[in-house]
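Novice: One file is attached below, structure.tsv, containing TSV, C-alpha atoms and all ligand atoms.
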```tsv
chain	number	residue	atom	x	y	z
A	94	MET	CA	-7.75	-45.62	22.26
A	95	ASN	CA	-9.96	-42.88	23.63
A	96	ARG	CA	-7.26	-41.79	26.01
A	97	ILE	CA	-4.73	-41.47	23.18
A	98	LEU	CA	-7.22	-39.53	21.09
A	99	ILE	CA	-7.98	-37.14	23.94
A	100	LEU	CA	-4.26	-36.61	24.59
A	101	GLY	CA	-3.77	-35.87	20.89
A	102	LEU	CA	-6.55	-33.27	20.94
A	103	ALA	CA	-5.13	-31.68	24.07
A	104	ILE	CA	-1.71	-31.31	22.45
A	105	MET	CA	-3.26	-29.80	19.31
A	106	MET	CA	-5.17	-27.26	21.38
A	107	LEU	CA	-2.03	-26.28	23.27
A	108	ILE	CA	-0.17	-25.69	20.02
A	109	LEU	CA	-3.01	-23.57	18.62
A	110	THR	CA	-3.11	-21.50	21.80
A	111	ALA	CA	0.63	-20.96	21.76
A	112	THR	CA	0.55	-19.89	18.11
A	113	GLY	CA	-2.27	-17.44	18.78
A	114	SER	CA	-0.43	-15.79	21.64
A	115	GLN	CA	2.60	-15.09	19.46
A	116	ALA	CA	0.95	-12.26	17.49
A	117	ALA	CA	3.40	-9.39	17.25
A	118	VAL	CA	2.64	-6.14	19.09
A	119	PHE	CA	2.82	-3.00	16.94
A	120	THR	CA	3.39	0.33	18.65
A	121	MET	CA	3.79	3.82	17.18
A	122	GLU	CA	6.61	6.11	18.22
A	123	ILE	CA	5.93	9.02	15.84
A	124	ASN	CA	3.04	9.62	13.43
A	125	GLU	CA	3.11	13.05	11.80
A	126	VAL	CA	2.05	14.76	8.64
A	127	ASN	CA	3.63	17.56	6.59
A	128	VAL	CA	0.93	19.33	4.58
A	129	ASP	CA	2.41	22.02	2.35
A	130	GLY	CA	4.89	22.80	5.14
A	131	TRP	CA	2.45	22.59	8.06
A	132	ILE	CA	3.49	19.87	10.54
A	133	GLY	CA	0.91	18.06	12.65
A	134	GLY	CA	0.97	14.95	14.82
A	135	PHE	CA	-1.61	12.18	14.96
A	136	SER	CA	-2.36	10.49	18.25
A	137	THR	CA	-2.40	6.72	17.89
A	138	PRO	CA	-3.49	3.91	20.17
A	139	SER	CA	-0.90	2.36	22.49
A	140	ASP	CA	-0.81	-0.60	20.15
A	141	PHE	CA	-2.54	-1.30	16.86
A	142	THR	CA	-3.19	-3.93	14.24
A	143	ALA	CA	-3.94	-1.61	11.31
A	144	LEU	CA	-4.14	2.15	10.75
A	145	SER	CA	-5.44	4.14	7.81
A	146	TRP	CA	-5.68	7.83	7.00
A	147	THR	CA	-7.74	9.73	4.42
A	148	THR	CA	-7.74	13.37	3.45
A	149	SER	CA	-8.85	15.56	0.54
A	150	PHE	CA	-7.63	18.77	-1.12
A	151	THR	CA	-9.76	21.19	-3.12
A	152	THR	CA	-7.58	24.31	-3.19
A	153	PRO	CA	-6.18	24.83	-6.69
A	154	GLY	CA	-2.42	24.93	-7.07
A	155	SER	CA	0.55	22.75	-6.22
A	156	HIS	CA	0.55	20.74	-3.02
A	157	PHE	CA	2.57	18.18	-1.14
A	158	TYR	CA	1.50	15.79	1.58
A	159	ILE	CA	3.90	13.52	3.47
A	160	LEU	CA	2.90	10.98	6.12
A	161	PHE	CA	5.68	9.86	8.47
A	162	VAL	CA	5.37	6.81	10.73
A	163	ASP	CA	7.86	5.30	13.18
A	164	PRO	CA	6.31	1.96	14.17
A	165	ASP	CA	8.06	-0.59	16.36
A	166	ILE	CA	7.43	-4.34	16.37
A	167	ASP	CA	7.59	-6.22	19.67
A	168	GLN	CA	9.90	-3.61	21.18
A	169	ASN	CA	9.39	-5.03	24.66
A	170	ILE	CA	10.47	-8.49	23.50
A	171	ASN	CA	13.29	-7.95	21.01
A	172	THR	CA	13.84	-4.13	20.96
A	173	TYR	CA	12.84	-1.59	18.28
A	174	PHE	CA	16.22	-1.74	16.49
A	175	ASN	CA	16.28	-5.33	15.22
A	176	GLU	CA	14.11	-4.39	12.22
A	177	TYR	CA	14.64	-3.56	8.55
A	178	GLY	CA	12.72	-2.12	5.62
A	179	ALA	CA	12.24	-2.64	1.92
A	180	ALA	CA	10.66	-0.74	-0.96
A	181	ILE	CA	8.61	-2.92	-3.32
A	182	GLY	CA	7.59	-1.93	-6.83
A	183	THR	CA	7.81	1.38	-8.64
A	184	PRO	CA	6.53	4.67	-7.16
A	185	ALA	CA	3.68	6.36	-9.00
A	186	ALA	CA	4.14	9.74	-10.69
A	187	GLY	CA	4.50	12.39	-7.99
A	188	GLN	CA	5.08	9.82	-5.26
A	189	SER	CA	8.11	9.98	-2.93
A	190	TRP	CA	9.27	7.70	-0.12
A	191	GLU	CA	11.92	7.04	2.47
A	192	ILE	CA	12.96	4.27	4.82
A	193	ASP	CA	15.54	5.21	7.44
A	194	GLU	CA	16.53	5.35	11.06
A	195	PRO	CA	14.53	8.38	12.26
A	196	GLY	CA	17.53	10.44	13.36
A	197	TYR	CA	18.25	9.39	16.93
A	198	VAL	CA	21.41	7.65	15.68
A	199	TYR	CA	22.34	8.18	12.02
A	200	GLY	CA	19.25	8.51	9.82
A	201	ASP	CA	17.77	11.59	8.16
A	202	SER	CA	14.18	10.53	7.44
A	203	TYR	CA	12.60	12.76	10.09
A	204	ALA	CA	14.70	15.73	9.00
A	205	ASN	CA	13.76	15.11	5.38
A	206	PHE	CA	10.11	14.79	6.38
A	207	LEU	CA	10.27	18.17	8.13
A	208	ALA	CA	11.97	19.68	5.07
A	209	GLY	CA	9.28	18.24	2.80
A	210	ALA	CA	11.79	16.34	0.64
A	211	LEU	CA	12.09	12.56	1.07
A	212	ASP	CA	15.24	11.01	-0.37
A	213	ASN	CA	13.69	7.89	-1.99
A	214	MET	CA	16.28	5.63	-0.35
A	215	ASN	CA	16.33	2.76	2.11
A	216	GLY	CA	18.74	3.48	4.98
A	217	VAL	CA	17.77	0.34	6.96
A	218	PRO	CA	18.14	-2.67	4.62
A	219	SER	CA	18.09	-6.26	5.86
A	220	SER	CA	21.91	-6.23	5.98
A	221	ALA	CA	21.89	-3.45	8.60
A	222	PRO	CA	18.87	-3.67	10.91
A	223	ASP	CA	18.01	-0.75	13.18
A	224	ASP	CA	15.05	1.43	14.18
A	225	VAL	CA	12.86	1.66	11.06
A	226	SER	CA	10.73	4.65	10.16
A	227	LEU	CA	8.71	4.93	6.96
A	228	ALA	CA	7.49	7.93	4.97
A	229	LEU	CA	5.33	8.26	1.87
A	230	GLY	CA	4.60	11.53	0.09
A	231	TRP	CA	2.77	13.01	-2.87
A	232	ASN	CA	3.40	16.12	-4.94
A	233	PHE	CA	0.44	17.08	-7.09
A	234	LEU	CA	-1.20	19.95	-8.96
A	235	LEU	CA	-4.89	20.77	-8.72
A	236	ALA	CA	-6.83	22.73	-11.32
A	237	PRO	CA	-9.86	24.79	-10.22
A	238	GLY	CA	-12.80	22.46	-9.54
A	239	GLU	CA	-10.63	19.40	-8.97
A	240	THR	CA	-10.39	17.36	-5.77
A	241	ALA	CA	-7.48	15.19	-4.63
A	242	ASP	CA	-8.28	12.24	-2.36
A	243	LEU	CA	-5.36	10.68	-0.49
A	244	TYR	CA	-5.40	7.39	1.31
A	245	PHE	CA	-2.67	5.77	3.42
A	246	VAL	CA	-2.75	2.39	5.12
A	247	LEU	CA	-0.34	0.60	7.49
A	248	SER	CA	-1.16	-3.02	8.26
A	249	GLU	CA	0.01	-6.62	8.15
A	250	ILE	CA	-1.78	-7.16	4.84
A	251	ALA	CA	0.40	-6.81	1.76
A	252	PRO	CA	-1.10	-4.69	-1.04
A	253	SER	CA	-1.98	-6.80	-4.09
A	254	SER	CA	-0.40	-4.27	-6.45
A	255	GLY	CA	1.31	-0.91	-6.65
A	256	PHE	CA	4.23	0.55	-4.73
A	257	TYR	CA	4.64	-0.06	-1.00
A	258	LEU	CA	7.12	-0.07	1.86
A	259	THR	CA	7.69	-2.87	4.33
A	260	GLN	CA	9.02	-3.03	7.89
A	261	THR	CA	10.08	-6.47	9.06
A	262	ASP	CA	11.05	-7.85	12.44
A	263	PRO	CA	12.85	-11.13	11.63
A	264	ASP	CA	12.77	-12.30	15.27
A	265	SER	CA	9.03	-11.76	15.52
A	266	ASN	CA	8.50	-13.00	11.96
A	267	ALA	CA	6.20	-10.03	11.41
A	268	THR	CA	5.96	-7.45	8.63
A	269	LEU	CA	4.07	-4.16	8.35
A	270	TYR	CA	3.07	-2.85	4.91
A	271	PHE	CA	2.72	0.90	4.22
A	272	SER	CA	1.07	2.10	1.00
A	273	SER	CA	-0.84	5.08	-0.36
A	274	THR	CA	-3.07	6.13	-3.23
A	275	LEU	CA	-3.79	9.55	-4.76
A	276	THR	CA	-6.93	10.09	-6.84
A	277	ILE	CA	-7.63	13.42	-8.56
A	278	HIS	CA	-11.14	13.94	-9.90
A	279	ASP	CA	-13.61	16.71	-10.81
A	280	GLY	CA	-15.91	18.05	-8.15
A	281	THR	CA	-16.13	17.04	-4.53
A	282	GLN	CA	-16.78	13.57	-3.26
A	283	VAL	CA	-17.75	12.54	0.21
A	284	PRO	CA	-15.48	9.70	1.41
A	285	GLU	CA	-17.10	6.43	2.35
A	286	PRO	CA	-17.63	6.41	6.12
A	287	SER	CA	-15.82	3.10	6.45
A	288	SER	CA	-12.67	4.58	4.94
A	289	VAL	CA	-12.51	7.47	7.42
A	290	VAL	CA	-10.63	5.88	10.24
A	291	LEU	CA	-8.33	8.48	11.68
A	292	LEU	CA	-9.21	11.51	9.59
A	293	GLY	CA	-7.97	14.50	11.51
A	294	ALA	CA	-9.39	13.20	14.77
A	295	GLY	CA	-6.00	12.84	16.36
A	296	LEU	CA	-4.29	15.89	14.92
A	297	ALA	CA	-2.54	17.43	17.87
A	298	GLY	CA	-1.03	20.58	16.40
A	299	LEU	CA	2.69	21.03	16.15
A	300	ALA	CA	5.20	18.24	16.14
A	301	MET	CA	5.22	16.28	19.34
A	302	ALA	CA	8.24	16.11	21.60
A	303	ARG	CA	10.41	13.19	20.67
A	304	LYS	CA	10.89	11.13	23.77
A	305	ARG	CA	13.17	8.30	22.96
A	306	LYS	CA	16.90	8.54	23.30
A	307	ALA	CA	19.39	6.94	20.98
A	308	HIS	CA	20.10	3.33	21.70
A	309	PRO	CA	23.70	2.25	22.43
B	1	CA	CA	11.48	-5.49	17.26
B	2	CA	CA	17.51	8.76	4.32
B	3	CA	CA	10.68	2.20	14.58
```
Can I see the file as structure tokens?

Specialist:
Amino acid sequence: MNRILILGLAIMMLILTATGSQAAVFTMEINEVNVDGWIGGFSTPSDFTALSWTTSFTTPGSHFYILFVDPDIDQNINTYFNEYGAAIGTPAAGQSWEIDEPGYVYGDSYANFLAGALDNMNGVPSSAPDDVSLALGWNFLLAPGETADLYFVLSEIAPSSGFYLTQTDPDSNATLYFSSTLTIHDGTQVPEPSSVVLLGAGLAGLAMARKRKAHP
């Protein structure tokens, strides 16, 4: 009896260990921002589980801010071009988005990001997997004395509400969720320290060289 019980426990532990080791690896190929036409690149860790970005505007007038990410899921196991995207929900007023192959093969999301005009279309649906990149943008107007706070987050946790983009690797059974909020209020407000994760720290100036070549 004891021997059977012990064997059963050993098998359970093996299964738990195997499940734990199957966590997908997320890497970042490109992470750049277009702020009113100024392009900057964020440095990101070699792999990540979740990333978030916060920034604020206080200069009166019209602004746009677009965050572009080109994540890959388990690229060393099943490539970076077995993935697809989806747009869930309805964009907020002033919000733009794009899901597409970044432009190594056929997509125009990186070009549209540079031009400051996302096309609000999904170029990599589940019927045609490829290399997914995601972009979210905001166009907004600030009156004197107003502050705009922007927040972006990319993680495995689905937002409970609002508009968001997804990037799924069906072979890894993993999905990344990309969402953003814009809050405009009077006066200035110091962001909560816990929400400032990558604020400006990795900004590396002009757009980084794009290393990867088109896949066959
Ligand atoms: Ca993959
Ligand atoms: Ca496109
Ligand atoms: Ca990608």

Novice: Between A:Trp146, A:Tyr173, A:Tyr199, A:Phe271, which is the closest to ligand CA 1 (chain B) once you count only C-alpha atoms and all ligand atoms?

Specialist: A:Tyr173

Novice: Within 7 Å of ligand CA 2 (chain B) (counting all atoms listed in the file), which residues show up? I'd like them as a PDB file with C-alpha atoms, in the frame of the given file.

Specialist:
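File produced: selection_20.pdb:
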```
ATOM      1  CA  GLU A 191      11.920   7.040   2.470  1.00  0.00           C
ATOM      2  CA  ILE A 192      12.960   4.270   4.820  1.00  0.00           C
ATOM      3  CA  ASP A 193      15.540   5.210   7.440  1.00  0.00           C
ATOM      4  CA  GLY A 200      19.250   8.510   9.820  1.00  0.00           C
ATOM      5  CA  ASP A 201      17.770  11.590   8.160  1.00  0.00           C
ATOM      6  CA  SER A 202      14.180  10.530   7.440  1.00  0.00           C
ATOM      7  CA  ASP A 212      15.240  11.010  -0.370  1.00  0.00           C
ATOM      8  CA  MET A 214      16.280   5.630  -0.350  1.00  0.00           C
ATOM      9  CA  ASN A 215      16.330   2.760   2.110  1.00  0.00           C
ATOM     10  CA  GLY A 216      18.740   3.480   4.980  1.00  0.00           C
TER      11      GLY A 216
END
```

Novice: Would you mind telling me which residue in A:Ala116, A:Val128, A:Leu211, A:Ile277 lies nearest to Leu234 of chain A when using only C-alpha atoms?

Specialist: A:Ile277

Novice: Which residue out of A:Thr137, A:Thr142, A:Asn124, A:Thr261 has the minimum interatomic distance to Leu160 of chain A when all atoms listed in the file are used?

Specialist: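 Using all atoms listed in the file, Leu160 of chain A sits closest to A:Asn124.
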
Novice: Enter the distance from atom CA of Asn169 of chain A to atom CA of Ile132 of chain A, in Å, rounded to one decimal.

Specialist: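 Atom CA of Asn169 of chain A sits 29.2 Å away from atom CA of Ile132 of chain A.
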